[in-house]
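Notes follow once the structure below has been shown.
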Amino acid sequence: MSDQTWIQNLVEQYAVLKNLLHSQEGFHVVFINGHFAGHSPLSLPKGAILSHISSVLKQHPELLPNLPPQPSDGVFVLIPEDTQIEKPIFLDFVSIPNSQPIDVHSQNLIFMSPYAQSSIIENYSSLTPGAYSTHAVTKIVLAEGANLDHYQIQQEGGLAKHSNDVSIQQNQDSQYRSHAFALGSGLVCNNLQTTLAAPGASCMLNGLFLGEQKQRMDFHTTIDHAQPHCTSEELYKGILGGQAQGTFKGRIVVRPHAQKTSARQTNKNLLLSEEALINTEPILEIFANDVKCNHGATIGRLDESQLFYLTSRGIHRKLAQQMLIHAFASDLLATIPLNSVRHHIQTIISEHLTKWSLCAEAA
């Protein structure tokens, strides 16, 4: 059976994927087990490209002259100059493991031309609970004045392993906003690096990871202030229960000539059990003297006085815990511009918390 026939059989077998192409307003590209499976009807502005890399190499090889042969496929996005894509672009990566573990690879290339604007959502999920590994690489280039909201939503099965590497090159006055959510998978390793390579560039990195049982979640970020007059703001939050373990390592580098830099980094973590563990390592490497930089990290548990206040007013303890956990995540969720994505994340968090065995007694 050819790969194309196998892919077509999967699409026909799982009608949910067909519905996915039309379930939300926006443009969709769907991959199944790392293979291109289809896209929604596209009515993109002139010059915009939303396709998969193997197709672009055949139809527009001039766009990727230096790209070596790829062992895996992935998404290619090009937003032309002065173009605003109002509808979100969904990159849906669906895994369907069988009786044998599988490895899923993808490489995504996103090019934002001068003063282009878009919202791009990478969504990783699975339809069956088998074991598999996802390895995703995303490379983003923002030209002068480009503006990108980039979402990464990982909600894979408990037997999955997920690794994701994101690199961003930002040019003058470009704006990059990252919204990363790790809401599943047994093992998660996310690496993100952005280089503010020209004056006036700015970035905002927001992330939330939710782990229980024996999940392991590692987040590593690097913000490289390579030029003066650039700004960065970072907020990552972790919520861990059971025997889950998490790591946040955030590194900010300010180069010697990157004067007038403004950088702020915050990491906050909430532990819901005695066995949950978080390691946090905020790093500032400053080689310039005219800068405003700060960082901070906190690790704590649910506030017993707040729990007492809620339970004394007739609210069940577990519901009170869930309310406080939602409150902990609320300021981060409020930064999500797309209402549909924000509601989706809130729903996933609620579903997780109703299943968790939260601490029933005071610590």
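Letters A, B, ... go to the chains of the structure tokens in the order shown; residues in each chain start at 1; ligands are counted from 1 in the same order.
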What's the 6 Å shell around stretch 133-138 of chain A, counting only C-alpha atoms, without same-chain residues fewer than 5 positions away, as a compact mmCIF listing (two decimals) with C-alpha atoms, in the first residue's frame?
```
# COMPACT_ATOMS: atom_id res chain seq x y z
CA ASP A 103 8.09 8.57 15.47
CA VAL A 104 6.47 11.66 13.98
CA HIS A 105 8.69 14.40 12.53
CA SER A 106 7.80 17.80 11.12
CA GLN A 107 9.60 20.96 10.09
CA ASN A 108 7.67 24.20 9.76
CA LEU A 109 8.87 27.36 8.03
CA ALA A 160 3.41 10.32 24.07
CA LYS A 161 6.77 12.07 24.07
CA HIS A 162 6.84 15.56 22.64
CA SER A 163 9.84 17.71 21.73
CA ASN A 164 9.57 21.07 20.03
CA ASP A 165 12.28 23.50 18.91
CA VAL A 166 11.31 27.02 17.86
```
Show which residues sit within 10 Å of stretch 88-102 of chain A, as a ChimeraX atom specification. Count only C-alpha atoms, and ignore same-chain residues fewer than 3 positions away. /A:10,14,17,20-21,24-37,39-40,50,74-75,77,85,105-106,108,118-134,136,149-154,156-157,159-160,338
Would you write out those residues with C-alpha atoms, as a PDB file, in the first residue's frame?
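The resulting result-v1.pdb:
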```
ATOM      1  CA  LEU A  10      -6.790   7.197   7.736  1.00  0.00           C
ATOM      2  CA  TYR A  14     -11.438   9.160  11.225  1.00  0.00           C
ATOM      3  CA  LEU A  17     -10.337  15.023  10.832  1.00  0.00           C
ATOM      4  CA  LEU A  20     -11.591  19.603  11.817  1.00  0.00           C
ATOM      5  CA  LEU A  21     -11.032  21.270   8.462  1.00  0.00           C
ATOM      6  CA  GLN A  24     -13.346  26.632  13.255  1.00  0.00           C
ATOM      7  CA  GLU A  25     -13.198  29.855  11.361  1.00  0.00           C
ATOM      8  CA  GLY A  26      -9.819  30.175   9.729  1.00  0.00           C
ATOM      9  CA  PHE A  27      -7.445  28.295   7.459  1.00  0.00           C
ATOM     10  CA  HIS A  28      -6.420  24.714   8.288  1.00  0.00           C
ATOM     11  CA  VAL A  29      -3.586  22.467   7.212  1.00  0.00           C
ATOM     12  CA  VAL A  30      -3.727  18.925   8.617  1.00  0.00           C
ATOM     13  CA  PHE A  31      -0.923  16.389   9.007  1.00  0.00           C
ATOM     14  CA  ILE A  32      -1.484  12.795  10.135  1.00  0.00           C
ATOM     15  CA  ASN A  33       1.507  10.978  11.614  1.00  0.00           C
ATOM     16  CA  GLY A  34       3.775  13.538   9.960  1.00  0.00           C
ATOM     17  CA  HIS A  35       2.219  13.190   6.489  1.00  0.00           C
ATOM     18  CA  PHE A  36       0.254  15.942   4.757  1.00  0.00           C
ATOM     19  CA  ALA A  37      -3.423  14.962   4.802  1.00  0.00           C
ATOM     20  CA  HIS A  39      -6.280  21.571   3.959  1.00  0.00           C
ATOM     21  CA  SER A  40      -9.441  23.592   4.169  1.00  0.00           C
ATOM     22  CA  LEU A  50      -0.040  28.165   2.980  1.00  0.00           C
ATOM     23  CA  GLY A  74       5.957  20.231   7.378  1.00  0.00           C
ATOM     24  CA  VAL A  75       4.108  23.484   6.860  1.00  0.00           C
ATOM     25  CA  VAL A  77       3.750  29.810   5.407  1.00  0.00           C
ATOM     26  CA  ILE A  85      -4.440  37.761   7.484  1.00  0.00           C
ATOM     27  CA  HIS A 105       8.690  14.398  12.533  1.00  0.00           C
ATOM     28  CA  SER A 106       7.800  17.796  11.122  1.00  0.00           C
ATOM     29  CA  ASN A 108       7.672  24.195   9.756  1.00  0.00           C
ATOM     30  CA  SER A 118      -1.063  37.072  11.161  1.00  0.00           C
ATOM     31  CA  SER A 119      -2.058  34.614  13.903  1.00  0.00           C
ATOM     32  CA  ILE A 120      -0.721  31.063  13.550  1.00  0.00           C
ATOM     33  CA  ILE A 121      -1.756  28.163  15.767  1.00  0.00           C
ATOM     34  CA  GLU A 122       0.224  24.921  15.981  1.00  0.00           C
ATOM     35  CA  ASN A 123      -1.978  22.246  17.518  1.00  0.00           C
ATOM     36  CA  TYR A 124      -0.609  18.797  18.470  1.00  0.00           C
ATOM     37  CA  SER A 125      -3.059  16.063  19.448  1.00  0.00           C
ATOM     38  CA  SER A 126      -3.672  12.321  19.209  1.00  0.00           C
ATOM     39  CA  LEU A 127      -6.768  10.261  18.478  1.00  0.00           C
ATOM     40  CA  THR A 128      -5.679   7.025  20.132  1.00  0.00           C
ATOM     41  CA  PRO A 129      -3.803   6.425  23.415  1.00  0.00           C
ATOM     42  CA  GLY A 130      -0.819   4.511  22.033  1.00  0.00           C
ATOM     43  CA  ALA A 131       2.862   5.351  22.477  1.00  0.00           C
ATOM     44  CA  TYR A 132       4.614   7.633  19.998  1.00  0.00           C
ATOM     45  CA  SER A 133       7.152  10.451  19.787  1.00  0.00           C
ATOM     46  CA  THR A 134       6.634  13.855  18.197  1.00  0.00           C
ATOM     47  CA  ALA A 136       8.737  19.312  15.674  1.00  0.00           C
ATOM     48  CA  ASP A 149       0.844  35.925  17.293  1.00  0.00           C
ATOM     49  CA  HIS A 150       2.162  32.363  17.511  1.00  0.00           C
ATOM     50  CA  TYR A 151       0.264  29.722  19.483  1.00  0.00           C
ATOM     51  CA  GLN A 152       1.495  26.234  20.345  1.00  0.00           C
ATOM     52  CA  ILE A 153      -1.043  23.918  21.946  1.00  0.00           C
ATOM     53  CA  GLN A 154       0.114  20.445  22.936  1.00  0.00           C
ATOM     54  CA  GLU A 156      -1.281  14.660  23.309  1.00  0.00           C
ATOM     55  CA  GLY A 157      -1.834  11.355  25.095  1.00  0.00           C
ATOM     56  CA  LEU A 159       2.103   7.751  26.545  1.00  0.00           C
ATOM     57  CA  ALA A 160       3.406  10.316  24.072  1.00  0.00           C
ATOM     58  CA  LEU A 338      -8.269  34.984  20.225  1.00  0.00           C
TER      59      LEU A 338
END
```
Taking 4 positions as the minimum chain separation for residues in the same chain, which residues sit within 12 Å of stretch 316-327 of chain A when counting only C-alpha atoms? Answer as a compact mmCIF listing (two decimals) with C-alpha atoms, in the first residue's frame.
```
# COMPACT_ATOMS: atom_id res chain seq x y z
CA LEU A 208 1.51 27.45 30.77
CA LEU A 210 -0.09 21.46 33.37
CA LYS A 237 3.44 29.37 34.80
CA GLY A 238 3.45 25.73 35.88
CA ILE A 239 0.74 23.74 37.65
CA LEU A 240 1.88 20.32 38.84
CA GLY A 241 0.18 17.58 40.82
CA ASN A 269 4.68 27.63 39.84
CA LEU A 270 1.90 25.97 41.79
CA LEU A 271 2.43 22.54 43.38
CA LEU A 272 -0.70 20.56 44.20
CA GLY A 300 4.08 27.71 46.20
CA ARG A 301 0.99 25.77 47.15
CA LEU A 302 -2.68 26.64 47.33
CA ASP A 303 -3.36 29.23 50.02
CA GLU A 304 -5.09 27.50 52.94
CA SER A 305 -6.60 30.74 54.19
CA GLN A 306 -8.26 31.28 50.82
CA LEU A 307 -9.47 27.67 50.78
CA PHE A 308 -10.88 28.11 54.27
CA TYR A 309 -12.69 31.29 53.20
CA LEU A 310 -14.33 29.53 50.25
CA THR A 311 -15.23 26.31 52.08
CA SER A 312 -16.66 28.26 55.02
CA ASP A 331 -3.76 36.60 34.13
CA LEU A 332 -1.83 34.49 31.62
CA LEU A 333 -5.00 33.36 29.85
CA ALA A 334 -6.13 36.96 29.66
CA ILE A 345 -7.60 26.35 26.90
CA GLN A 346 -9.93 27.14 29.78
CA THR A 347 -12.06 24.11 28.90
CA ILE A 348 -9.04 21.79 28.77
CA ILE A 349 -7.82 23.02 32.15
CA SER A 350 -11.27 22.42 33.66
CA GLU A 351 -11.42 18.92 32.21
CA HIS A 352 -8.00 18.07 33.63
CA LEU A 353 -8.77 19.41 37.09
CA THR A 354 -12.02 17.46 37.42
CA LYS A 355 -10.01 14.25 36.94
CA TRP A 356 -7.11 15.12 39.19
CA SER A 357 -6.82 13.87 42.74
CA LEU A 358 -6.14 17.19 44.39
CA CYS A 359 -4.94 17.36 47.99
CA ALA A 360 -7.92 16.79 50.21
CA GLU A 361 -6.26 17.89 53.43
CA ALA A 362 -4.21 20.89 54.40
```
Taking the chain letters and numbering used in this document, name the residues of stretch 103-332 of chain A that DSSP puts in alpha helix (DSSP H), as an MDAnalysis selection string. chainID A and resid 304:311 317:332
Using the selection just defined, write its residues with N, CA and C atoms as a PDB file, in the first residue's frame.
```pdb
ATOM      1  N   GLU A 304      -4.093  28.112  52.055  1.00  0.00           N
ATOM      2  CA  GLU A 304      -5.086  27.496  52.940  1.00  0.00           C
ATOM      3  C   GLU A 304      -6.086  28.501  53.498  1.00  0.00           C
ATOM      4  N   SER A 305      -5.655  29.734  53.682  1.00  0.00           N
ATOM      5  CA  SER A 305      -6.595  30.739  54.191  1.00  0.00           C
ATOM      6  C   SER A 305      -7.666  31.040  53.149  1.00  0.00           C
ATOM      7  N   GLN A 306      -7.283  31.059  51.878  1.00  0.00           N
ATOM      8  CA  GLN A 306      -8.261  31.281  50.821  1.00  0.00           C
ATOM      9  C   GLN A 306      -9.194  30.079  50.684  1.00  0.00           C
ATOM     10  N   LEU A 307      -8.624  28.864  50.817  1.00  0.00           N
ATOM     11  CA  LEU A 307      -9.466  27.666  50.784  1.00  0.00           C
ATOM     12  C   LEU A 307     -10.467  27.671  51.942  1.00  0.00           C
ATOM     13  N   PHE A 308     -10.002  28.055  53.111  1.00  0.00           N
ATOM     14  CA  PHE A 308     -10.882  28.107  54.270  1.00  0.00           C
ATOM     15  C   PHE A 308     -12.020  29.109  54.041  1.00  0.00           C
ATOM     16  N   TYR A 309     -11.671  30.260  53.469  1.00  0.00           N
ATOM     17  CA  TYR A 309     -12.691  31.288  53.202  1.00  0.00           C
ATOM     18  C   TYR A 309     -13.772  30.737  52.282  1.00  0.00           C
ATOM     19  N   LEU A 310     -13.354  30.046  51.212  1.00  0.00           N
ATOM     20  CA  LEU A 310     -14.332  29.532  50.245  1.00  0.00           C
ATOM     21  C   LEU A 310     -15.153  28.386  50.832  1.00  0.00           C
ATOM     22  N   THR A 311     -14.490  27.450  51.530  1.00  0.00           N
ATOM     23  CA  THR A 311     -15.229  26.306  52.076  1.00  0.00           C
ATOM     24  C   THR A 311     -16.160  26.735  53.208  1.00  0.00           C
ATOM     25  N   ARG A 317     -14.576  21.615  48.924  1.00  0.00           N
ATOM     26  CA  ARG A 317     -13.135  21.865  48.927  1.00  0.00           C
ATOM     27  C   ARG A 317     -12.504  21.674  47.544  1.00  0.00           C
ATOM     28  N   LYS A 318     -12.893  20.607  46.848  1.00  0.00           N
ATOM     29  CA  LYS A 318     -12.282  20.384  45.541  1.00  0.00           C
ATOM     30  C   LYS A 318     -12.671  21.484  44.566  1.00  0.00           C
ATOM     31  N   LEU A 319     -13.921  21.934  44.600  1.00  0.00           N
ATOM     32  CA  LEU A 319     -14.326  23.044  43.738  1.00  0.00           C
ATOM     33  C   LEU A 319     -13.569  24.311  44.109  1.00  0.00           C
ATOM     34  N   ALA A 320     -13.363  24.534  45.405  1.00  0.00           N
ATOM     35  CA  ALA A 320     -12.603  25.700  45.849  1.00  0.00           C
ATOM     36  C   ALA A 320     -11.172  25.638  45.326  1.00  0.00           C
ATOM     37  N   GLN A 321     -10.569  24.441  45.355  1.00  0.00           N
ATOM     38  CA  GLN A 321      -9.219  24.278  44.811  1.00  0.00           C
ATOM     39  C   GLN A 321      -9.192  24.621  43.326  1.00  0.00           C
ATOM     40  N   GLN A 322     -10.186  24.129  42.601  1.00  0.00           N
ATOM     41  CA  GLN A 322     -10.242  24.398  41.167  1.00  0.00           C
ATOM     42  C   GLN A 322     -10.397  25.891  40.891  1.00  0.00           C
ATOM     43  N   MET A 323     -11.178  26.562  41.695  1.00  0.00           N
ATOM     44  CA  MET A 323     -11.365  28.006  41.529  1.00  0.00           C
ATOM     45  C   MET A 323     -10.046  28.748  41.726  1.00  0.00           C
ATOM     46  N   LEU A 324      -9.274  28.352  42.735  1.00  0.00           N
ATOM     47  CA  LEU A 324      -8.006  29.017  42.993  1.00  0.00           C
ATOM     48  C   LEU A 324      -6.978  28.716  41.903  1.00  0.00           C
ATOM     49  N   ILE A 325      -7.016  27.506  41.370  1.00  0.00           N
ATOM     50  CA  ILE A 325      -6.090  27.150  40.287  1.00  0.00           C
ATOM     51  C   ILE A 325      -6.416  27.968  39.037  1.00  0.00           C
ATOM     52  N   HIS A 326      -7.708  28.090  38.731  1.00  0.00           N
ATOM     53  CA  HIS A 326      -8.104  28.920  37.590  1.00  0.00           C
ATOM     54  C   HIS A 326      -7.664  30.366  37.802  1.00  0.00           C
ATOM     55  N   ALA A 327      -7.797  30.847  39.034  1.00  0.00           N
ATOM     56  CA  ALA A 327      -7.369  32.217  39.325  1.00  0.00           C
ATOM     57  C   ALA A 327      -5.870  32.376  39.119  1.00  0.00           C
ATOM     58  N   PHE A 328      -5.100  31.349  39.472  1.00  0.00           N
ATOM     59  CA  PHE A 328      -3.643  31.377  39.291  1.00  0.00           C
ATOM     60  C   PHE A 328      -3.284  31.538  37.815  1.00  0.00           C
ATOM     61  N   ALA A 329      -4.057  30.884  36.935  1.00  0.00           N
ATOM     62  CA  ALA A 329      -3.753  30.915  35.502  1.00  0.00           C
ATOM     63  C   ALA A 329      -4.422  32.073  34.776  1.00  0.00           C
ATOM     64  N   SER A 330      -5.313  32.787  35.442  1.00  0.00           N
ATOM     65  CA  SER A 330      -6.190  33.730  34.751  1.00  0.00           C
ATOM     66  C   SER A 330      -5.450  34.884  34.085  1.00  0.00           C
ATOM     67  N   ASP A 331      -4.427  35.453  34.736  1.00  0.00           N
ATOM     68  CA  ASP A 331      -3.759  36.600  34.129  1.00  0.00           C
ATOM     69  C   ASP A 331      -3.010  36.201  32.867  1.00  0.00           C
ATOM     70  N   LEU A 332      -2.501  34.965  32.824  1.00  0.00           N
ATOM     71  CA  LEU A 332      -1.830  34.493  31.617  1.00  0.00           C
ATOM     72  C   LEU A 332      -2.845  34.239  30.507  1.00  0.00           C
TER      73      LEU A 332
END
```
Using DSSP assignments from the backbone, pull out every residue in stretch 189-265 of chain A that falls under strand (DSSP E) and give it to me as a ChimeraX atom specification. /A:189-196,202-211,216-225,231-240,245-254,261-265
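Counting from atom CA of A:Ile110, the distance to atom CA of A:Ala146 is 11.8 Å.
Atom CA of A:Glu62 is positioned 28.0 Å from atom CA of A:Leu192.
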Using only C-alpha atoms, determine which residues lie at most 7 Å from stretch 243-251 of chain A, disregarding the query and same-chain residues fewer than 2 positions distant; provide the list as a ChimeraX atom specification. /A:211-223,240-241,253,275-284
Using only C-alpha atoms, determine which residues lie at most 9 Å from A:Thr266, disregarding the query and same-chain residues fewer than 4 positions distant; provide the list as a PyMOL selection string. chain A and resi 233-237+282+294-298
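Proximity of A:Ile49, A:Ala180, A:Asp73, A:Leu63 to A:Val341, computed with only C-alpha atoms, is greatest for A:Ala180.
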In Å, rounded to a single decimal, give me how far atom CA of A:Phe111 is from atom CA of A:Gln227. 21.0 Å
